[in-house]
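Engineer: Pasting query-v7.pdb here (PDB, C-alpha atoms and all ligand atoms):
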ATOM      1  CA  MET A   5     -25.324  27.661 -20.942
ATOM      2  CA  GLY A   6     -23.753  29.160 -17.786
ATOM      3  CA  ALA A   7     -21.041  27.656 -15.619
ATOM      4  CA  ALA A   8     -21.902  24.734 -13.321
ATOM      5  CA  VAL A   9     -19.780  26.101 -10.478
ATOM      6  CA  ILE A  10     -18.687  29.712  -9.980
ATOM      7  CA  VAL A  11     -16.347  30.419  -7.105
ATOM      8  CA  LYS A  12     -15.543  34.093  -6.541
ATOM      9  CA  GLY A  13     -13.171  35.687  -4.057
ATOM     10  CA  LEU A  14     -13.518  32.904  -1.499
ATOM     11  CA  LYS A  15     -11.999  33.298   1.922
ATOM     12  CA  LYS A  16     -12.319  30.833   4.761
ATOM     13  CA  THR A  17     -10.817  31.548   8.146
ATOM     14  CA  PHE A  18     -10.587  29.028  10.970
ATOM     15  CA  ASN A  19      -9.849  29.615  14.608
ATOM     16  CA  LEU A  20      -6.807  27.708  15.664
ATOM     17  CA  ARG A  21      -7.443  26.294  19.103
ATOM     18  CA  HIS A  22      -4.745  26.838  21.674
ATOM     19  CA  SER A  23      -4.637  25.896  25.274
ATOM     20  CA  HIS A  24      -3.929  28.917  27.418
ATOM     21  CA  SER A  25      -2.439  29.060  30.835
ATOM     22  CA  LEU A  26      -4.594  30.443  33.635
ATOM     23  CA  LYS A  27      -2.169  33.386  33.845
ATOM     24  CA  GLU A  28      -2.566  34.222  30.131
ATOM     25  CA  THR A  29      -6.342  34.107  30.424
ATOM     26  CA  LEU A  30      -6.355  36.245  33.596
ATOM     27  CA  VAL A  31      -4.083  38.886  32.029
ATOM     28  CA  TRP A  32      -6.373  38.953  28.995
ATOM     29  CA  LEU A  33      -9.475  39.370  31.194
ATOM     30  CA  VAL A  34      -7.878  42.044  33.413
ATOM     31  CA  LYS A  35      -6.756  43.995  30.323
ATOM     32  CA  GLY A  36     -10.397  44.178  29.238
ATOM     33  CA  ARG A  37     -10.300  41.263  26.783
ATOM     34  CA  LYS A  38      -8.051  43.216  24.438
ATOM     35  CA  GLY A  39      -6.563  41.318  21.529
ATOM     36  CA  ASP A  40      -7.409  37.850  20.472
ATOM     37  CA  LEU A  41      -6.723  34.787  22.565
ATOM     38  CA  THR A  42      -7.408  32.454  19.655
ATOM     39  CA  LYS A  43      -5.223  32.702  16.567
ATOM     40  CA  LYS A  44      -6.947  32.867  13.211
ATOM     41  CA  PHE A  45      -5.814  31.013  10.129
ATOM     42  CA  ASP A  46      -6.845  31.590   6.520
ATOM     43  CA  ALA A  47      -7.343  28.138   5.005
ATOM     44  CA  LEU A  48      -8.408  29.810   1.743
ATOM     45  CA  HIS A  49      -8.066  33.340   0.494
ATOM     46  CA  ASP A  50      -9.055  35.025  -2.739
ATOM     47  CA  VAL A  51      -9.936  31.792  -4.535
ATOM     48  CA  SER A  52     -11.815  32.273  -7.810
ATOM     49  CA  PHE A  53     -12.500  29.926 -10.731
ATOM     50  CA  GLU A  54     -15.315  28.503 -12.824
ATOM     51  CA  ILE A  55     -16.218  24.957 -13.794
ATOM     52  CA  GLN A  56     -18.223  24.382 -16.955
ATOM     53  CA  PRO A  57     -21.046  21.799 -17.154
ATOM     54  CA  GLY A  58     -19.688  18.358 -18.023
ATOM     55  CA  GLU A  59     -16.119  19.117 -16.972
ATOM     56  CA  THR A  60     -14.157  16.796 -14.679
ATOM     57  CA  VAL A  61     -11.946  18.986 -12.540
ATOM     58  CA  ALA A  62      -9.335  17.970  -9.975
ATOM     59  CA  LEU A  63      -8.458  20.067  -6.963
ATOM     60  CA  LEU A  64      -4.781  19.418  -6.339
ATOM     61  CA  GLY A  65      -2.214  20.445  -3.772
ATOM     62  CA  PHE A  66      -0.105  19.236  -0.912
ATOM     63  CA  ASN A  67      -1.464  18.383   2.562
ATOM     64  CA  GLY A  68      -3.225  21.306   4.172
ATOM     65  CA  SER A  69      -3.384  23.408   0.997
ATOM     66  CA  GLY A  70      -7.165  23.852   1.318
ATOM     67  CA  LYS A  71      -8.649  21.285  -1.103
ATOM     68  CA  SER A  72     -11.165  19.684   1.270
ATOM     69  CA  THR A  73     -12.179  23.072   2.647
ATOM     70  CA  LEU A  74     -12.871  24.245  -0.902
ATOM     71  CA  LEU A  75     -14.907  21.129  -1.692
ATOM     72  CA  LYS A  76     -16.974  21.614   1.483
ATOM     73  CA  LEU A  77     -17.642  25.221   0.480
ATOM     74  CA  ILE A  78     -18.798  24.088  -2.982
ATOM     75  CA  SER A  79     -21.083  21.487  -1.389
ATOM     76  CA  GLY A  80     -22.505  24.062   1.008
ATOM     77  CA  VAL A  81     -21.701  22.149   4.223
ATOM     78  CA  ILE A  82     -19.648  25.136   5.371
ATOM     79  CA  LEU A  83     -20.003  28.813   4.484
ATOM     80  CA  PRO A  84     -17.280  31.229   3.350
ATOM     81  CA  ASP A  85     -16.198  34.247   5.387
ATOM     82  CA  GLN A  86     -15.963  36.222   2.168
ATOM     83  CA  GLY A  87     -16.853  35.577  -1.449
ATOM     84  CA  THR A  88     -19.531  33.479  -3.113
ATOM     85  CA  VAL A  89     -20.107  29.975  -4.447
ATOM     86  CA  ARG A  90     -22.775  29.404  -7.082
ATOM     87  CA  THR A  91     -23.738  25.943  -8.254
ATOM     88  CA  LYS A  92     -26.259  24.934 -10.907
ATOM     89  CA  GLY A  93     -28.335  21.787 -10.402
ATOM     90  CA  ARG A  94     -28.346  18.994  -7.858
ATOM     91  CA  VAL A  95     -25.091  18.673  -5.930
ATOM     92  CA  ALA A  96     -24.152  15.397  -4.261
ATOM     93  CA  GLY A  97     -21.040  13.560  -3.389
ATOM     94  CA  LEU A  98     -18.753  12.008  -0.927
ATOM     95  CA  ILE A  99     -17.115  14.579   1.227
ATOM     96  CA  GLU A 100     -16.822  13.033   4.634
ATOM     97  CA  VAL A 101     -17.708   9.381   4.619
ATOM     98  CA  GLY A 102     -20.356   8.777   7.213
ATOM     99  CA  ALA A 103     -21.552  12.396   7.298
ATOM    100  CA  GLY A 104     -25.320  12.360   6.934
ATOM    101  CA  PHE A 105     -25.507   8.840   8.402
ATOM    102  CA  HIS A 106     -27.058   8.218  11.795
ATOM    103  CA  PRO A 107     -25.116   5.605  13.813
ATOM    104  CA  ASP A 108     -28.165   4.126  15.569
ATOM    105  CA  LEU A 109     -30.135   3.576  12.365
ATOM    106  CA  SER A 110     -29.752   0.566  10.100
ATOM    107  CA  GLY A 111     -28.176   0.723   6.663
ATOM    108  CA  ARG A 112     -31.665   0.555   5.153
ATOM    109  CA  GLU A 113     -32.963   3.492   7.228
ATOM    110  CA  ASN A 114     -29.823   5.474   6.487
ATOM    111  CA  VAL A 115     -30.263   4.993   2.741
ATOM    112  CA  TYR A 116     -33.682   6.674   3.070
ATOM    113  CA  LEU A 117     -32.336   9.401   5.356
ATOM    114  CA  ASN A 118     -29.242  10.154   3.304
ATOM    115  CA  ALA A 119     -30.992  10.029  -0.069
ATOM    116  CA  ALA A 120     -33.675  12.412   1.257
ATOM    117  CA  ILE A 121     -30.980  14.808   2.507
ATOM    118  CA  LEU A 122     -29.452  14.674  -0.987
ATOM    119  CA  GLY A 123     -32.786  15.705  -2.494
ATOM    120  CA  MET A 124     -34.477  12.453  -3.597
ATOM    121  CA  THR A 125     -38.197  11.976  -3.100
ATOM    122  CA  GLU A 126     -39.505   8.941  -1.203
ATOM    123  CA  GLN A 127     -40.829   7.480  -4.459
ATOM    124  CA  GLU A 128     -37.412   7.879  -6.143
ATOM    125  CA  ILE A 129     -35.721   6.183  -3.196
ATOM    126  CA  HIS A 130     -38.221   3.269  -3.307
ATOM    127  CA  GLU A 131     -37.494   2.789  -6.991
ATOM    128  CA  LYS A 132     -33.714   2.926  -6.633
ATOM    129  CA  PHE A 133     -33.344   1.172  -3.271
ATOM    130  CA  ASP A 134     -32.463  -2.254  -4.685
ATOM    131  CA  ASP A 135     -29.939  -0.779  -7.130
ATOM    132  CA  ILE A 136     -28.313   1.224  -4.333
ATOM    133  CA  VAL A 137     -27.930  -1.841  -2.116
ATOM    134  CA  ALA A 138     -26.742  -3.991  -5.041
ATOM    135  CA  PHE A 139     -24.093  -1.397  -5.923
ATOM    136  CA  SER A 140     -22.857  -1.304  -2.322
ATOM    137  CA  GLU A 141     -22.680  -5.134  -2.162
ATOM    138  CA  ILE A 142     -23.554  -5.098   1.543
ATOM    139  CA  GLU A 143     -27.002  -6.710   1.227
ATOM    140  CA  GLN A 144     -26.277  -9.032   4.113
ATOM    141  CA  PHE A 145     -25.745  -6.130   6.518
ATOM    142  CA  ILE A 146     -28.378  -3.707   5.264
ATOM    143  CA  ASP A 147     -30.501  -4.145   8.405
ATOM    144  CA  THR A 148     -27.534  -3.793  10.776
ATOM    145  CA  GLU A 149     -27.059  -0.496  12.627
ATOM    146  CA  VAL A 150     -24.361   1.416  10.794
ATOM    147  CA  LYS A 151     -22.338   1.996  13.973
ATOM    148  CA  PHE A 152     -21.198  -1.593  13.478
ATOM    149  CA  TYR A 153     -20.048  -0.982   9.892
ATOM    150  CA  SER A 154     -16.399  -0.921   8.899
ATOM    151  CA  SER A 155     -15.119   2.249   7.208
ATOM    152  CA  GLY A 156     -15.179   0.441   3.859
ATOM    153  CA  MET A 157     -18.830  -0.567   4.354
ATOM    154  CA  PHE A 158     -19.709   3.046   5.154
ATOM    155  CA  LEU A 159     -17.953   4.173   2.010
ATOM    156  CA  ARG A 160     -19.788   1.584  -0.075
ATOM    157  CA  LEU A 161     -23.215   2.637   1.113
ATOM    158  CA  ALA A 162     -22.478   6.370   1.018
ATOM    159  CA  PHE A 163     -21.022   6.171  -2.495
ATOM    160  CA  ALA A 164     -23.919   4.022  -3.704
ATOM    161  CA  VAL A 165     -26.509   6.508  -2.386
ATOM    162  CA  ALA A 166     -24.659   9.547  -3.750
ATOM    163  CA  VAL A 167     -24.300   8.214  -7.312
ATOM    164  CA  HIS A 168     -27.930   7.119  -7.432
ATOM    165  CA  THR A 169     -29.229  10.626  -6.670
ATOM    166  CA  GLN A 170     -28.454  11.538 -10.308
ATOM    167  CA  PRO A 171     -26.446  14.600  -9.313
ATOM    168  CA  ASP A 172     -25.666  17.315 -11.853
ATOM    169  CA  ILE A 173     -22.520  18.081  -9.897
ATOM    170  CA  PHE A 174     -20.722  15.219  -8.161
ATOM    171  CA  LEU A 175     -18.060  16.022  -5.557
ATOM    172  CA  VAL A 176     -15.577  13.397  -4.429
ATOM    173  CA  ASP A 177     -12.951  13.745  -1.731
ATOM    174  CA  GLU A 178     -10.355  10.974  -1.533
ATOM    175  CA  ILE A 179     -13.049   8.417  -2.201
ATOM    176  CA  LEU A 180     -10.768   5.626  -2.867
ATOM    177  CA  ALA A 181      -8.785   5.767   0.344
ATOM    178  CA  VAL A 182     -10.800   3.241   2.373
ATOM    179  CA  GLY A 183     -12.332   1.108  -0.361
ATOM    180  CA  ASP A 184     -10.763  -2.204  -1.357
ATOM    181  CA  GLU A 185      -9.349  -2.522  -4.866
ATOM    182  CA  PRO A 186     -12.363  -4.098  -6.604
ATOM    183  CA  PHE A 187     -14.647  -1.448  -5.121
ATOM    184  CA  GLN A 188     -12.218   1.332  -6.098
ATOM    185  CA  ARG A 189     -12.336   0.065  -9.682
ATOM    186  CA  LYS A 190     -16.132   0.009  -9.546
ATOM    187  CA  CYS A 191     -16.238   3.599  -8.196
ATOM    188  CA  LEU A 192     -13.870   4.805 -10.904
ATOM    189  CA  ALA A 193     -15.974   3.139 -13.604
ATOM    190  CA  LYS A 194     -19.072   4.817 -12.153
ATOM    191  CA  ILE A 195     -17.314   8.193 -12.068
ATOM    192  CA  LYS A 196     -16.306   7.708 -15.701
ATOM    193  CA  GLN A 197     -19.922   6.861 -16.561
ATOM    194  CA  LEU A 198     -21.220  10.000 -14.813
ATOM    195  CA  SER A 199     -18.664  12.050 -16.704
ATOM    196  CA  ASP A 200     -19.648  10.423 -20.044
ATOM    197  CA  GLU A 201     -23.282  11.283 -19.266
ATOM    198  CA  GLY A 202     -22.228  14.930 -19.165
ATOM    199  CA  ARG A 203     -22.294  15.451 -15.417
ATOM    200  CA  THR A 204     -19.873  17.818 -13.739
ATOM    201  CA  LEU A 205     -17.291  16.262 -11.437
ATOM    202  CA  VAL A 206     -14.993  17.830  -8.884
ATOM    203  CA  VAL A 207     -12.421  15.423  -7.493
ATOM    204  CA  VAL A 208      -9.906  15.789  -4.672
ATOM    205  CA  SER A 209      -7.163  13.201  -4.686
ATOM    206  CA  HIS A 210      -3.447  12.668  -4.182
ATOM    207  CA  ASP A 211      -3.491   9.911  -6.800
ATOM    208  CA  LEU A 212      -1.940  11.999  -9.567
ATOM    209  CA  ASP A 213      -1.947   9.180 -12.151
ATOM    210  CA  MET A 214      -5.661   8.678 -11.627
ATOM    211  CA  ILE A 215      -6.205  12.448 -11.901
ATOM    212  CA  SER A 216      -4.332  12.580 -15.225
ATOM    213  CA  ARG A 217      -6.437   9.670 -16.461
ATOM    214  CA  ILE A 218      -9.916  10.838 -15.499
ATOM    215  CA  CYS A 219      -9.801  14.648 -15.244
ATOM    216  CA  ASP A 220      -9.945  17.323 -17.940
ATOM    217  CA  ARG A 221      -8.595  20.141 -15.852
ATOM    218  CA  GLY A 222      -6.729  20.748 -12.608
ATOM    219  CA  VAL A 223      -6.764  23.593 -10.111
ATOM    220  CA  VAL A 224      -3.656  23.540  -7.922
ATOM    221  CA  LEU A 225      -3.859  25.099  -4.462
ATOM    222  CA  SER A 226      -0.998  26.074  -2.230
ATOM    223  CA  SER A 227      -1.421  27.749   1.156
ATOM    224  CA  GLY A 228      -5.046  28.457   0.353
ATOM    225  CA  THR A 229      -4.613  30.201  -3.000
ATOM    226  CA  VAL A 230      -4.830  29.017  -6.612
ATOM    227  CA  GLN A 231      -1.295  28.628  -7.964
ATOM    228  CA  PHE A 232      -2.021  26.947 -11.279
ATOM    229  CA  GLU A 233      -5.056  26.210 -13.383
ATOM    230  CA  GLY A 234      -4.954  24.290 -16.648
ATOM    231  CA  PRO A 235      -5.234  20.896 -18.366
ATOM    232  CA  ALA A 236      -5.040  18.046 -15.822
ATOM    233  CA  ASP A 237      -1.724  16.615 -17.078
ATOM    234  CA  GLN A 238      -0.110  20.076 -16.935
ATOM    235  CA  ALA A 239      -1.473  20.648 -13.425
ATOM    236  CA  VAL A 240      -0.064  17.282 -12.331
ATOM    237  CA  ALA A 241       3.308  18.110 -13.936
ATOM    238  CA  TRP A 242       3.307  21.536 -12.230
ATOM    239  CA  LEU A 243       2.740  19.903  -8.858
ATOM    240  CA  ARG A 244       5.318  17.143  -9.441
ATOM    241  CA  GLU A 245       7.983  19.719 -10.332
ATOM    242  CA  ARG A 246       7.545  21.190  -6.877
ATOM    243  CA  ASN A 247       7.719  17.870  -5.073
TER     244      ASN A 247
HETATM  245  N1  LIG B 301     -12.488  23.010  11.142
HETATM  246  C1  LIG B 301     -11.239  23.462  11.091
HETATM  247  N2  LIG B 301     -10.701  24.165  12.108
HETATM  248  C2  LIG B 301      -9.433  24.626  12.062
HETATM  249  N3  LIG B 301      -8.618  24.440  11.007
HETATM  250  C3  LIG B 301      -9.097  23.745   9.953
HETATM  251  C4  LIG B 301     -10.421  23.210   9.946
HETATM  252  N4  LIG B 301     -10.621  22.556   8.763
HETATM  253  C5  LIG B 301      -9.455  22.692   8.082
HETATM  254  N5  LIG B 301      -8.549  23.391   8.787
HETATM  255  C6  LIG B 301      -7.191  23.753   8.363
HETATM  256  O1  LIG B 301      -7.255  24.309   7.074
HETATM  257  C7  LIG B 301      -6.129  23.902   6.294
HETATM  258  C8  LIG B 301      -6.608  23.275   5.016
HETATM  259  O2  LIG B 301      -7.207  22.013   5.332
HETATM  260  P1  LIG B 301      -7.840  21.086   4.206
HETATM  261  O3  LIG B 301      -8.396  19.885   4.886
HETATM  262  O4  LIG B 301      -8.726  21.886   3.346
HETATM  263  O5  LIG B 301      -6.526  20.699   3.378
HETATM  264  P2  LIG B 301      -6.337  19.623   2.231
HETATM  265  O6  LIG B 301      -5.639  20.331   1.111
HETATM  266  O7  LIG B 301      -7.605  18.937   1.921
HETATM  267  O8  LIG B 301      -5.303  18.649   2.934
HETATM  268  P3  LIG B 301      -5.041  17.052   2.814
HETATM  269  O9  LIG B 301      -4.353  16.851   1.507
HETATM  270  O10 LIG B 301      -4.113  16.812   3.949
HETATM  271  O11 LIG B 301      -6.340  16.355   2.953
HETATM  272  C9  LIG B 301      -5.323  22.965   7.178
HETATM  273  O12 LIG B 301      -4.246  23.677   7.731
HETATM  274  C10 LIG B 301      -6.296  22.540   8.262
HETATM  275  O13 LIG B 301      -5.630  22.306   9.475
END
Give the structure from this file in structure tokens form.

Structural biologist:
Amino acid sequence: MGAAVIVKGLKKTFNLRHSHSLKETLVWLVKGRKGDLTKKFDALHDVSFEIQPGETVALLGFNGSGKSTLLKLISGVILPDQGTVRTKGRVAGLIEVGAGFHPDLSGRENVYLNAAILGMTEQEIHEKFDDIVAFSEIEQFIDTEVKFYSSGMFLRLAFAVAVHTQPDIFLVDEILAVGDEPFQRKCLAKIKQLSDEGRTLVVVSHDLDMISRICDRGVVLSSGTVQFEGPADQAVAWLRERN
């Protein structure tokens, strides 16, 4: 059986936006647009690793080290400038809460929209709709337009849809940040269940105790490169030593 995720030689460059004075822009234009007015920044460079099916892997690192960018590349919402990402099976997850939700549609309509985007058929969504809403515990507001939802309500619905798509690879970025404690516990239990069912999980979090508890392995990023890769508790220890 091949790897669930293969990341090879990834590079992602962003343009850093700067405001330029009129003089700077004029000089640049007069000089025949030589040089670059916008500065470029490598959020990731030369990142390679593999994740085996059924593994629970944490992406670790300090603020700005490139974790979320890497998760977005694995999910396919952004594309690399160099390198490749290969994934095997259905990929779903919570990357940016609210992404894939339309503000003017109700919770109910968004469940259909979001689940379809994540690859479920209409029949599958019909069958799972009640379970999705029950998991989110926002039954009362399911016919309200989601622009009136709180961030926690968004998270609840988005998480509920994502876990019910039966993903082979589940990606989670700082899921627990906006959820209240009971819902966080429920999400963690669900993540544990997905992992026990043999699904592959990639988790981004700053909660190092939680990482040690639920993850098998950790990949530590710093300034956009992999600095350490190994068992989760060793990865956490490596990061803590540099705190
Ligand atoms: N769309 C973008 N345009 C410009 N720069 C970006 C963009 N997205 C990310 N970056 C930059 O890339 C770097 C890595 O960001 P990323 O969000 O991946 O870090 P992170 O490790 O997830 O950080 P945190 O722990 O703070 O969430 C940061 O310096 C960020 O400013």

Engineer: Please identify the residues whose atoms come within 7 Å of ligand LIG 301 (chain B), using only C-alpha atoms and all ligand atoms, and report them as a ChimeraX atom specification.

Structural biologist: /A:18-20,47,65-74

Engineer: Keeping only C-alpha atoms, write those residues as a short mmCIF file (atom, residue, chain, number, x, y, z; two decimals), in the frame of the given file.

Structural biologist:
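Once written, result_2.cif looks like this:
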data_model
loop_
_atom_site.label_atom_id
_atom_site.label_comp_id
_atom_site.auth_asym_id
_atom_site.auth_seq_id
_atom_site.Cartn_x
_atom_site.Cartn_y
_atom_site.Cartn_z
CA PHE A 18 -10.59 29.03 10.97
CA ASN A 19 -9.85 29.62 14.61
CA LEU A 20 -6.81 27.71 15.66
CA ALA A 47 -7.34 28.14 5.00
CA GLY A 65 -2.21 20.44 -3.77
CA PHE A 66 -0.10 19.24 -0.91
CA ASN A 67 -1.46 18.38 2.56
CA GLY A 68 -3.22 21.31 4.17
CA SER A 69 -3.38 23.41 1.00
CA GLY A 70 -7.16 23.85 1.32
CA LYS A 71 -8.65 21.28 -1.10
CA SER A 72 -11.16 19.68 1.27
CA THR A 73 -12.18 23.07 2.65
CA LEU A 74 -12.87 24.24 -0.90
#

Engineer: Give the answer as one residue: which of A:Lys132, A:Lys190, A:Arg203, A:His24 has the shortest atom-to-atom distance to A:Arg160, using all atoms listed in the file?

Structural biologist: A:Lys190

Engineer: Considering all atoms listed in the file, return as a list in words whatever protein or nucleic-acid residues lie within 8 Å of A:Leu205, sequence-local ones (same chain, fewer than 3 positions apart) excluded.

Structural biologist: Gly58, Glu59, Thr60, Val61, Ile173, Phe174, Leu175, Val176 and Ser199 of chain A

Engineer: Please produce an output containing C-alpha atoms for each residue in the selection, written as a compact mmCIF listing (two decimals), in the coordinates of the input.

Structural biologist:
# COMPACT_ATOMS: atom_id res chain seq x y z
CA GLY A 58 -19.69 18.36 -18.02
CA GLU A 59 -16.12 19.12 -16.97
CA THR A 60 -14.16 16.80 -14.68
CA VAL A 61 -11.95 18.99 -12.54
CA ILE A 173 -22.52 18.08 -9.90
CA PHE A 174 -20.72 15.22 -8.16
CA LEU A 175 -18.06 16.02 -5.56
CA VAL A 176 -15.58 13.40 -4.43
CA SER A 199 -18.66 12.05 -16.70

Engineer: Given the choices A:Glu178, A:Asp134, A:Glu100, A:Glu126, which gets closest to A:Ala162 if the distance is worked out from only C-alpha atoms?

Structural biologist: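 Of A:Glu178, A:Asp134, A:Glu100, A:Glu126, the one nearest A:Ala162, counting only C-alpha atoms, is A:Glu100.
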
Engineer: When the PyMOL selection byres (((chain A and resi 150-154) around 6) and not hetatm) is applied to the file above, which residues end up in the set, as a list in words?

Structural biologist: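 Going through the file, the PyMOL selection byres (((chain A and resi 150-154) around 6) and not hetatm) ends up selecting Pro107, Ser110, Gly111, Glu149, Ser155, Gly156 and Met157 of chain A.
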
Engineer: Spell out the residues picked by the PyMOL selection byres (((chain A and resi 78) around 10) and not hetatm) here, as a PDB file with C-alpha atoms, in the coordinates of the input.

Structural biologist:
ATOM      1  CA  VAL A   9     -19.780  26.101 -10.478  1.00  0.00           C
ATOM      2  CA  ILE A  10     -18.687  29.712  -9.980  1.00  0.00           C
ATOM      3  CA  VAL A  11     -16.347  30.419  -7.105  1.00  0.00           C
ATOM      4  CA  SER A  72     -11.165  19.684   1.270  1.00  0.00           C
ATOM      5  CA  THR A  73     -12.179  23.072   2.647  1.00  0.00           C
ATOM      6  CA  LEU A  74     -12.871  24.245  -0.902  1.00  0.00           C
ATOM      7  CA  LEU A  75     -14.907  21.129  -1.692  1.00  0.00           C
ATOM      8  CA  LYS A  76     -16.974  21.614   1.483  1.00  0.00           C
ATOM      9  CA  LEU A  77     -17.642  25.221   0.480  1.00  0.00           C
ATOM     10  CA  SER A  79     -21.083  21.487  -1.389  1.00  0.00           C
ATOM     11  CA  GLY A  80     -22.505  24.062   1.008  1.00  0.00           C
ATOM     12  CA  VAL A  81     -21.701  22.149   4.223  1.00  0.00           C
ATOM     13  CA  ILE A  82     -19.648  25.136   5.371  1.00  0.00           C
ATOM     14  CA  LEU A  83     -20.003  28.813   4.484  1.00  0.00           C
ATOM     15  CA  PRO A  84     -17.280  31.229   3.350  1.00  0.00           C
ATOM     16  CA  THR A  88     -19.531  33.479  -3.113  1.00  0.00           C
ATOM     17  CA  VAL A  89     -20.107  29.975  -4.447  1.00  0.00           C
ATOM     18  CA  ARG A  90     -22.775  29.404  -7.082  1.00  0.00           C
ATOM     19  CA  THR A  91     -23.738  25.943  -8.254  1.00  0.00           C
ATOM     20  CA  VAL A  95     -25.091  18.673  -5.930  1.00  0.00           C
ATOM     21  CA  ILE A 173     -22.520  18.081  -9.897  1.00  0.00           C
ATOM     22  CA  LEU A 175     -18.060  16.022  -5.557  1.00  0.00           C
ATOM     23  CA  VAL A 206     -14.993  17.830  -8.884  1.00  0.00           C
TER      24      VAL A 206
END

Engineer: Can you work out which one of A:Phe53, A:Phe45, A:Phe139, A:Phe145 has the shortest atom-to-atom distance to A:Arg112, counting only C-alpha atoms?

Structural biologist: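 With only C-alpha atoms as the atom set, the closest residue is A:Phe145.
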